[in-house]
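See structure below.
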Amino acid sequence: MELNPNLTDARYELGLITARKGKTAEGIQMVEDAIAHQGNPDSLRSYVQGLINLLDEVKCPLPDAEQWNTKLNQAYDKATQGAGDPAAMSDFKKSFLEVVGKQPCASGSKTD
């Protein structure tokens with residue numbers, strides 16, 4: 001991953017595993033990095049939904065998760081229907097990552 005930061009699938013999966021093994025903040029950061037570098041709308045949607053589920057698993061649920069899922073689906077539709085608006089997913093991603101970064105489990109030491 002250090003040699004090729006474009007391996008977003010590997011970064012995402014490793015982040016999930018790391019968080020589930022007890023290094024919550026470190027794992028969440030890996031998933032956030034994967035989201036930040038993912039350009040494919042289908043993969044991005046999967047990563048975001050996976051992170052929302054992960055936050056629930058580690059007892060750090062995202063406030064308004066249902067609304068974030070709705071916003072995700074709206075951005076996805078805008079990005080993939082008709083001519084597509086790539087800015088829709090990019091704008092969503094920026095707002096979503098901002099909120100996730102404020103989660104108490106996503107900050108602090110990298111070795112929870």
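Chains: A, B, ... in order of the structure tokens. Residues: from 1 per chain. Ligands: from 1, in order shown.
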
Discussion item. I need the residues of chain A that end up classed as helix (DSSP H, G or I) by DSSP on the backbone, written out as a count of residues only.
Written reply: 79

Fill in: Distance query range 60-75 of chain A at most 8 Å, only C-alpha atoms, self and fewer than 6 positions along chain excluded, as a PyMOL selection string
chain A and resi 45+49+52+88-89+92+96+100+103-105

Output of the above residues as a PDB file, in the first residue's frame, restricted to N, CA and C atoms:
```
ATOM      1  N   ARG A  45     -19.486   3.889  -2.717  1.00  0.00           N
ATOM      2  CA  ARG A  45     -20.736   3.636  -1.994  1.00  0.00           C
ATOM      3  C   ARG A  45     -20.570   2.442  -1.051  1.00  0.00           C
ATOM      4  N   GLN A  49     -20.773   2.656   3.124  1.00  0.00           N
ATOM      5  CA  GLN A  49     -21.702   1.806   3.866  1.00  0.00           C
ATOM      6  C   GLN A  49     -20.941   0.872   4.820  1.00  0.00           C
ATOM      7  N   ILE A  52     -19.888   2.938   7.876  1.00  0.00           N
ATOM      8  CA  ILE A  52     -21.040   3.182   8.756  1.00  0.00           C
ATOM      9  C   ILE A  52     -21.309   1.924   9.590  1.00  0.00           C
ATOM     10  N   ALA A  88     -20.780  15.304  -7.512  1.00  0.00           N
ATOM     11  CA  ALA A  88     -21.746  14.908  -6.484  1.00  0.00           C
ATOM     12  C   ALA A  88     -21.111  13.962  -5.475  1.00  0.00           C
ATOM     13  N   MET A  89     -20.398  12.962  -5.940  1.00  0.00           N
ATOM     14  CA  MET A  89     -19.752  12.014  -5.028  1.00  0.00           C
ATOM     15  C   MET A  89     -18.580  12.675  -4.310  1.00  0.00           C
ATOM     16  N   PHE A  92     -20.014  14.821  -1.561  1.00  0.00           N
ATOM     17  CA  PHE A  92     -20.498  13.956  -0.490  1.00  0.00           C
ATOM     18  C   PHE A  92     -19.325  13.432   0.333  1.00  0.00           C
ATOM     19  N   PHE A  96     -18.806  13.826   4.305  1.00  0.00           N
ATOM     20  CA  PHE A  96     -18.869  12.597   5.094  1.00  0.00           C
ATOM     21  C   PHE A  96     -17.587  12.403   5.899  1.00  0.00           C
ATOM     22  N   VAL A 100     -17.015  11.994   9.979  1.00  0.00           N
ATOM     23  CA  VAL A 100     -16.392  10.794  10.537  1.00  0.00           C
ATOM     24  C   VAL A 100     -15.149  11.164  11.342  1.00  0.00           C
ATOM     25  N   GLN A 103     -15.649  11.782  14.989  1.00  0.00           N
ATOM     26  CA  GLN A 103     -16.079  10.688  15.857  1.00  0.00           C
ATOM     27  C   GLN A 103     -14.990  10.413  16.896  1.00  0.00           C
ATOM     28  N   PRO A 104     -15.363  10.239  18.159  1.00  0.00           N
ATOM     29  CA  PRO A 104     -14.352   9.994  19.193  1.00  0.00           C
ATOM     30  C   PRO A 104     -13.505   8.749  18.931  1.00  0.00           C
ATOM     31  N   CYS A 105     -14.072   7.735  18.313  1.00  0.00           N
ATOM     32  CA  CYS A 105     -13.321   6.507  18.052  1.00  0.00           C
ATOM     33  C   CYS A 105     -12.374   6.649  16.861  1.00  0.00           C
TER      34      CYS A 105
END
```

Response to the item:
Shortest contact to Arg20 in chain A, candidates A:Ile35, A:Val58, A:Leu51, A:Asp42, atoms counted only C-alpha atoms, goes to A:Val58

Practice prompt. Kindly indicate which residue among A:Lys102, A:Asn40, A:Glu57, A:Tyr47 lies nearest to Thr80 in chain A, using only C-alpha atoms for the distances.
Written response: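 Smallest separation from Thr80 in chain A among the options: A:Asn40.
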
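From CA of Leu44 in chain A back to CA of Gln81 in chain A, the distance works out to 15.7 Å.
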
Item to complete: Go through A:Glu26, A:Ala36, A:Gly82, A:Leu16 one by one, measure the shortest atom-to-atom distance of each to Leu54 in chain A using only C-alpha atoms, and give the residue with the smallest value.
Response: A:Leu16

Worksheet item: So how far away is CA of Thr8 in chain A from CA of Val31 in chain A, in Å?
Response: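 Result for CA of Val31 in chain A versus CA of Thr8 in chain A: 8.7 Å, one decimal.
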
Item to complete: Enter the distance from CA of Gly22 in chain A to CA of Asp9 in chain A, in Å, rounded to one decimal.
Response: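 Going from CA of Gly22 in chain A over to CA of Asp9 in chain A covers 20.5 Å.
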
Discussion item. Measuring between only C-alpha atoms, which one of A:Ala83, A:Ala106, A:Val99, A:Ala10 shows the shortest distance to His37 in chain A?
Written reply: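 Checking each of A:Ala83, A:Ala106, A:Val99, A:Ala10 against His37 in chain A, counting only C-alpha atoms, the winner is A:Ala10.
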